[in-house]
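Shown here: data-v5.cif, mmCIF, C-alpha atoms.
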data_input
#
loop_
_atom_site.label_atom_id
_atom_site.label_comp_id
_atom_site.auth_asym_id
_atom_site.auth_seq_id
_atom_site.Cartn_x
_atom_site.Cartn_y
_atom_site.Cartn_z
CA MET A 1 0.00 0.00 0.00
CA ASN A 2 1.50 3.32 -1.09
CA ALA A 3 1.41 6.18 1.38
CA ASN A 4 -0.12 9.45 0.32
CA PRO A 5 2.72 11.97 -0.18
CA LYS A 6 0.54 14.82 1.11
CA MET A 7 -0.23 12.94 4.32
CA LEU A 8 3.48 12.18 4.80
CA MET A 9 4.37 15.85 4.39
CA LEU A 10 1.64 16.91 6.84
CA SER A 11 2.74 14.38 9.46
CA THR A 12 6.36 15.46 9.11
CA ALA A 13 5.37 19.09 9.56
CA LEU A 14 3.34 18.32 12.68
CA LEU A 15 6.18 16.31 14.22
CA ALA A 16 8.66 19.07 13.46
CA ALA A 17 6.39 21.65 15.09
CA MET A 18 5.97 19.49 18.20
CA PHE A 19 9.69 18.90 18.65
CA THR A 20 10.66 22.51 17.98
CA ALA A 21 8.07 23.74 20.50
CA VAL A 22 9.55 21.76 23.39
CA PRO A 23 12.88 23.64 23.63
CA VAL A 24 11.03 27.00 23.78
CA PHE A 25 9.25 26.04 27.00
CA ALA A 26 12.45 24.50 28.32
CA GLN A 27 14.33 27.70 27.58
CA ASP A 28 11.69 29.78 29.38
CA ALA A 29 11.89 27.51 32.42
CA ASP A 30 15.69 27.58 32.33
CA SER A 31 15.69 31.37 32.04
CA ASP A 32 13.33 31.68 35.02
CA ALA A 33 15.46 29.29 37.07
CA GLU A 34 18.63 31.27 36.28
CA VAL A 35 17.05 34.58 37.28
CA VAL A 36 15.67 33.10 40.51
CA ALA A 37 19.06 31.59 41.36
CA THR A 38 20.77 34.95 40.79
CA ALA A 39 18.13 36.79 42.84
CA THR A 40 18.34 34.42 45.80
CA VAL A 41 19.96 36.33 48.66
CA PRO A 42 19.46 36.28 52.46
CA ALA A 43 16.23 37.78 53.79
CA GLY A 44 18.16 40.50 55.60
CA LYS A 45 19.76 41.68 52.38
CA ILE A 46 16.37 41.78 50.63
CA ALA A 47 14.97 43.88 53.47
CA ASP A 48 17.96 46.25 53.39
CA ARG A 49 17.62 46.70 49.62
CA TYR A 50 13.97 47.77 49.67
CA VAL A 51 14.25 49.90 52.79
CA ALA A 52 17.15 51.77 51.19
CA SER A 53 15.15 52.26 47.96
CA GLY A 54 12.14 53.60 49.87
CA LEU A 55 9.67 50.82 49.05
CA PHE A 56 9.35 50.10 52.79
CA ALA A 57 9.42 52.66 55.57
CA ASP A 58 11.44 50.53 57.98
CA GLU A 59 13.07 47.16 58.58
CA ALA A 60 10.12 45.79 60.58
CA THR A 61 7.66 46.35 57.72
CA ALA A 62 10.09 44.88 55.20
CA ASP A 63 10.76 41.78 57.31
CA ALA A 64 7.04 41.17 57.90
CA THR A 65 6.22 41.48 54.19
CA ILE A 66 9.08 39.20 53.14
CA ASN A 67 8.02 36.54 55.64
CA ALA A 68 4.40 36.78 54.44
CA LEU A 69 5.42 36.35 50.80
CA ARG A 70 7.54 33.37 51.82
CA THR A 71 4.61 31.60 53.50
CA GLY A 72 2.09 32.55 50.80
CA GLY A 73 -0.74 33.82 53.00
CA ASP A 74 -2.65 37.10 53.09
CA PHE A 75 -0.97 39.89 55.04
CA THR A 76 -1.22 43.52 56.08
CA TYR A 77 1.48 46.17 56.02
CA THR A 78 1.70 49.86 56.84
CA GLU A 79 3.07 52.64 54.68
CA GLN A 80 3.50 56.38 54.92
CA VAL A 81 1.17 58.29 52.58
CA THR A 82 1.82 61.96 51.80
CA THR A 83 -1.14 64.04 50.66
CA THR A 84 -1.03 67.60 49.37
CA THR A 85 -4.23 69.68 49.37
CA THR A 86 -4.87 73.14 48.00
CA ASN A 87 -6.40 75.61 50.44
CA PRO A 88 -9.03 78.25 49.50
CA ASP A 89 -6.39 80.98 49.60
CA GLY A 90 -4.26 79.12 47.05
CA THR A 91 -1.66 77.82 49.46
CA THR A 92 -1.01 74.10 49.84
CA THR A 93 -0.91 71.89 52.90
CA THR A 94 1.07 68.64 52.97
CA THR A 95 0.22 65.95 55.49
CA THR A 96 1.74 62.52 56.08
CA SER A 97 -0.26 59.70 57.60
CA THR A 98 0.22 55.98 58.26
CA VAL A 99 -2.10 53.75 56.23
CA GLU A 100 -2.65 50.03 56.78
CA ARG A 101 -3.21 47.99 53.62
CA THR A 102 -4.26 44.37 53.22
CA VAL A 103 -2.83 42.18 50.46
CA VAL A 104 -4.99 39.20 49.50
CA ASN A 105 -2.29 36.88 48.19
CA PRO A 106 -3.49 34.58 45.37
CA ASN A 107 -0.07 32.94 45.07
CA GLY A 108 1.48 30.19 47.16
CA PRO A 109 4.75 30.09 49.13
CA MET A 110 7.87 31.40 47.41
CA GLY A 111 11.62 31.15 47.89
CA TYR A 112 13.76 34.16 48.69
CA GLY A 113 14.76 34.56 45.05
CA GLU A 114 11.12 34.76 43.96
CA VAL A 115 10.34 37.19 46.80
CA ASN A 116 13.20 39.40 45.64
CA ILE A 117 11.91 39.32 42.04
CA THR A 118 8.34 40.05 43.17
CA LEU A 119 9.40 43.13 45.11
CA ALA A 120 11.72 44.32 42.33
CA ILE A 121 8.89 44.23 39.77
CA ALA A 122 6.41 45.78 42.21
CA GLU A 123 8.86 48.59 43.01
CA LYS A 124 9.27 49.27 39.30
CA LEU A 125 5.50 49.50 38.85
CA VAL A 126 5.11 51.93 41.76
CA ALA A 127 8.02 54.06 40.53
CA SER A 128 6.48 54.26 37.04
CA GLY A 129 3.31 55.82 38.49
CA GLU A 130 1.04 53.24 36.85
CA TYR A 131 0.33 51.68 40.25
CA THR A 132 -0.31 53.90 43.24
CA ASP A 133 1.07 51.63 45.96
CA LEU A 134 2.62 48.25 46.73
CA GLN A 135 -0.78 46.64 47.29
CA SER A 136 -2.02 47.37 43.75
CA ALA A 137 1.37 46.46 42.26
CA LEU A 138 1.12 43.01 43.91
CA THR A 139 -2.57 42.20 43.42
CA GLY A 140 -3.60 44.41 40.49
CA ALA A 141 -4.91 47.89 39.76
CA THR A 142 -8.68 48.19 40.12
CA THR A 143 -10.63 50.46 37.77
CA THR A 144 -14.35 51.22 38.08
CA VAL A 145 -16.25 52.54 35.05
CA THR A 146 -19.81 53.89 35.07
CA ASN A 147 -21.81 52.47 32.20
CA ALA A 148 -24.46 54.29 30.13
CA ASP A 149 -27.29 52.60 32.06
CA GLY A 150 -25.91 53.80 35.38
CA THR A 151 -24.37 50.50 36.46
CA THR A 152 -20.67 50.20 37.18
CA THR A 153 -18.09 47.72 35.94
CA THR A 154 -14.99 47.02 38.01
CA THR A 155 -11.92 45.42 36.43
CA THR A 156 -8.58 44.46 37.93
CA THR A 157 -5.50 44.33 35.73
CA GLY A 158 -1.89 43.35 36.32
CA GLY A 159 -0.57 42.51 39.75
CA VAL A 160 2.65 40.52 40.11
CA LEU A 161 1.19 37.91 42.47
CA ALA A 162 -2.00 37.56 40.43
CA MET A 163 -0.06 37.03 37.20
CA ARG A 164 2.25 34.54 38.88
CA ALA A 165 -0.76 32.65 40.26
CA ASP A 166 -2.03 32.35 36.68
CA GLY A 167 1.12 30.37 35.85
CA MET A 168 3.12 33.06 34.05
CA GLY A 169 6.92 32.96 34.19
CA TRP A 170 8.87 35.84 35.70
CA GLY A 171 10.29 36.97 32.39
CA LYS A 172 6.85 36.98 30.77
CA ILE A 173 5.33 38.89 33.70
CA ALA A 174 7.95 41.61 33.34
CA LYS A 175 7.46 41.75 29.57
CA GLU A 176 3.68 42.01 29.92
CA LEU A 177 4.16 44.91 32.31
CA GLY A 178 6.47 46.69 29.90
CA PHE A 179 10.07 46.13 30.97
CA ASN A 180 12.94 43.66 30.96
CA LEU A 181 13.40 41.48 34.04
CA GLY A 182 17.17 41.18 33.66
CA SER A 183 17.53 44.97 33.56
CA VAL A 184 15.38 45.38 36.67
CA MET A 185 17.38 42.86 38.69
CA SER A 186 20.71 44.28 37.43
CA ALA A 187 19.63 47.76 38.54
CA GLY A 188 18.91 46.38 42.01
CA ASN A 189 22.31 44.73 42.17
CA ARG A 190 24.03 47.98 41.13
CA SER A 191 22.10 49.82 43.81
CA ASP A 192 23.28 47.31 46.42
CA LYS A 193 26.87 47.77 45.32
CA ALA A 194 26.52 51.55 45.44
CA VAL A 195 25.16 51.38 48.98
CA ALA A 196 27.94 49.01 50.00
CA GLY A 197 30.49 51.29 48.37
CA GLY A 198 29.02 54.27 50.21
CA ASP A 199 29.28 52.39 53.49
CA ARG A 200 32.92 51.55 52.81
CA ALA A 201 33.64 55.17 51.86
CA ALA A 202 31.96 56.41 55.04
CA GLN A 203 33.97 53.94 57.11
CA ALA A 204 37.22 55.02 55.46
CA LYS A 205 36.35 58.68 56.07
CA ALA A 206 35.59 57.97 59.72
CA GLU A 207 38.94 56.23 60.07
CA ARG A 208 40.72 59.21 58.52
CA VAL A 209 38.94 61.63 60.85
CA ALA A 210 39.81 59.45 63.83
CA LYS A 211 43.45 59.54 62.84
CA VAL A 212 43.39 63.33 62.54
CA GLU A 213 41.60 63.81 65.84
CA ARG A 214 43.82 61.38 67.72
CA PRO A 215 46.05 63.52 69.99
CA THR A 216 49.71 63.36 69.20
CA ARG A 217 52.08 62.19 71.88
CA PRO A 218 53.99 65.12 73.40
CA GLU A 219 57.66 65.27 72.65
CA ARG A 220 59.95 64.12 75.39
CA ILE A 221 61.28 66.98 77.47
CA GLN A 222 65.00 67.11 77.12
CA ARG A 223 66.88 67.28 80.34
CA PRO A 224 68.97 70.45 80.77
CA GLU A 225 72.64 69.94 80.19
CA ARG A 226 74.73 69.86 83.29
CA PRO A 227 76.87 73.00 83.71
CA GLU A 228 80.54 72.45 83.28
CA ARG A 229 82.43 72.17 86.51
CA PRO A 230 84.77 75.12 87.05
CA GLN A 231 88.41 74.25 86.81
CA LYS A 232 90.36 74.35 90.02
CA PRO A 233 92.98 77.08 90.12
CA GLU A 234 96.48 75.78 89.66
CA ARG A 235 98.47 75.63 92.86
CA GLY A 236 101.38 77.93 93.02
CA GLY A 237 104.88 76.39 92.78
CA ARG A 238 106.88 75.82 95.94
CA PRO A 239 109.60 78.46 96.75
#

Can you present the structure in this file as structure tokens?
Amino acid sequence: MNANPKMLMLSTALLAAMFTAVPVFAQDADSDAEVVATATVPAGKIADRYVASGLFADEATADATINALRTGGDFTYTEQVTTTTTNPDGTTTTTTSTVERTVVNPNGPMGYGEVNITLAIAEKLVASGEYTDLQSALTGATTTVTNADGTTTTTTTGGVLAMRADGMGWGKIAKELGFNLGSVMSAGNRSDKAVAGGDRAAQAKAERVAKVERPTRPERIQRPERPERPQKPERGGRP
């Protein structure tokens, strides 16, 4: 029985497509694994990084958020919110208040590398102005639109944790949100090095100041030279 050449060509094309598709997924998984491995640092270093950048107000808030992301449960955190209002006379008044926000976490437990990536992407979103705070950057920005019939429609878009819970890889999440993951993580690493360099420079400066301020030892007081003993007068010769 002779095989139909068209069927053979179609089968070959399907097999080729199947085998060529496998490496793409493998590459995505490998790329994610490499980024996570590079981003894996101690919890204390993650906290220091995002306190220094201003994402968290203090170490306690950073530590609590990192631990919550590690365990995968819902959590609350506090942040400082600055509001500027315009007065009737045209002047402005700026007030700062502490606001407590709740993050409903749709994602499961994560390693420290994934926590670091999550916060790096969220920080980028907040800095861009597209997301107003860490809560919306993690769970999505909510928009409410009033329809023509008077009803309202609420939609939630983005959100690092929400996108991750949907099964998206880290690189794809970053791309969907409009930036490159490698660049974001590299910027964080450069920031860490700059802070470390600043600490070393401050330490060196302190050491130099300490050396300058250290009192010098007084010079030894030289003892006065002994006066020369007067010579005895020569005795006169005998007669």

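Closest approach to A:Thr40 from the set A:Thr144, A:Glu130, A:Phe179, A:Gly111 is made by A:Gly111, with distances taken over only C-alpha atoms.
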
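Here atom CA of A:Thr142 and atom CA of A:Ser128 stand 16.6 Å from one another.
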
Go through A:Gly140, A:Gly108, A:Gly72, A:Pro88 and flag the residue nearest A:Thr156, using only C-alpha atoms for the distances. A:Gly140

Contacts of A:Asp74 within 6 Å, only C-alpha atoms, excl. fewer than 3 positions in-chain, as a ChimeraX atom specification: /A:103-105

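Of the listed residues A:Ser97, A:Thr118, A:Thr76, A:Thr154, the one whose atoms come nearest to A:Tyr50 is A:Thr118, with distances taken using only C-alpha atoms.
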
Axis-aligned box over every listed atom of stretch 143-161 of chain A, padded by 5 Å per side: centre and edges in Å to one decimal, as JSON?
{"center_x": -12.3, "center_y": 46.1, "center_z": 36.3, "size_x": 39.9, "size_y": 26.4, "size_z": 22.3}

Just checking: using all atoms listed in the file, which residue out of A:Thr151, A:Asn107, A:Thr143, A:Thr132 ends up closest to A:Thr71? A:Asn107
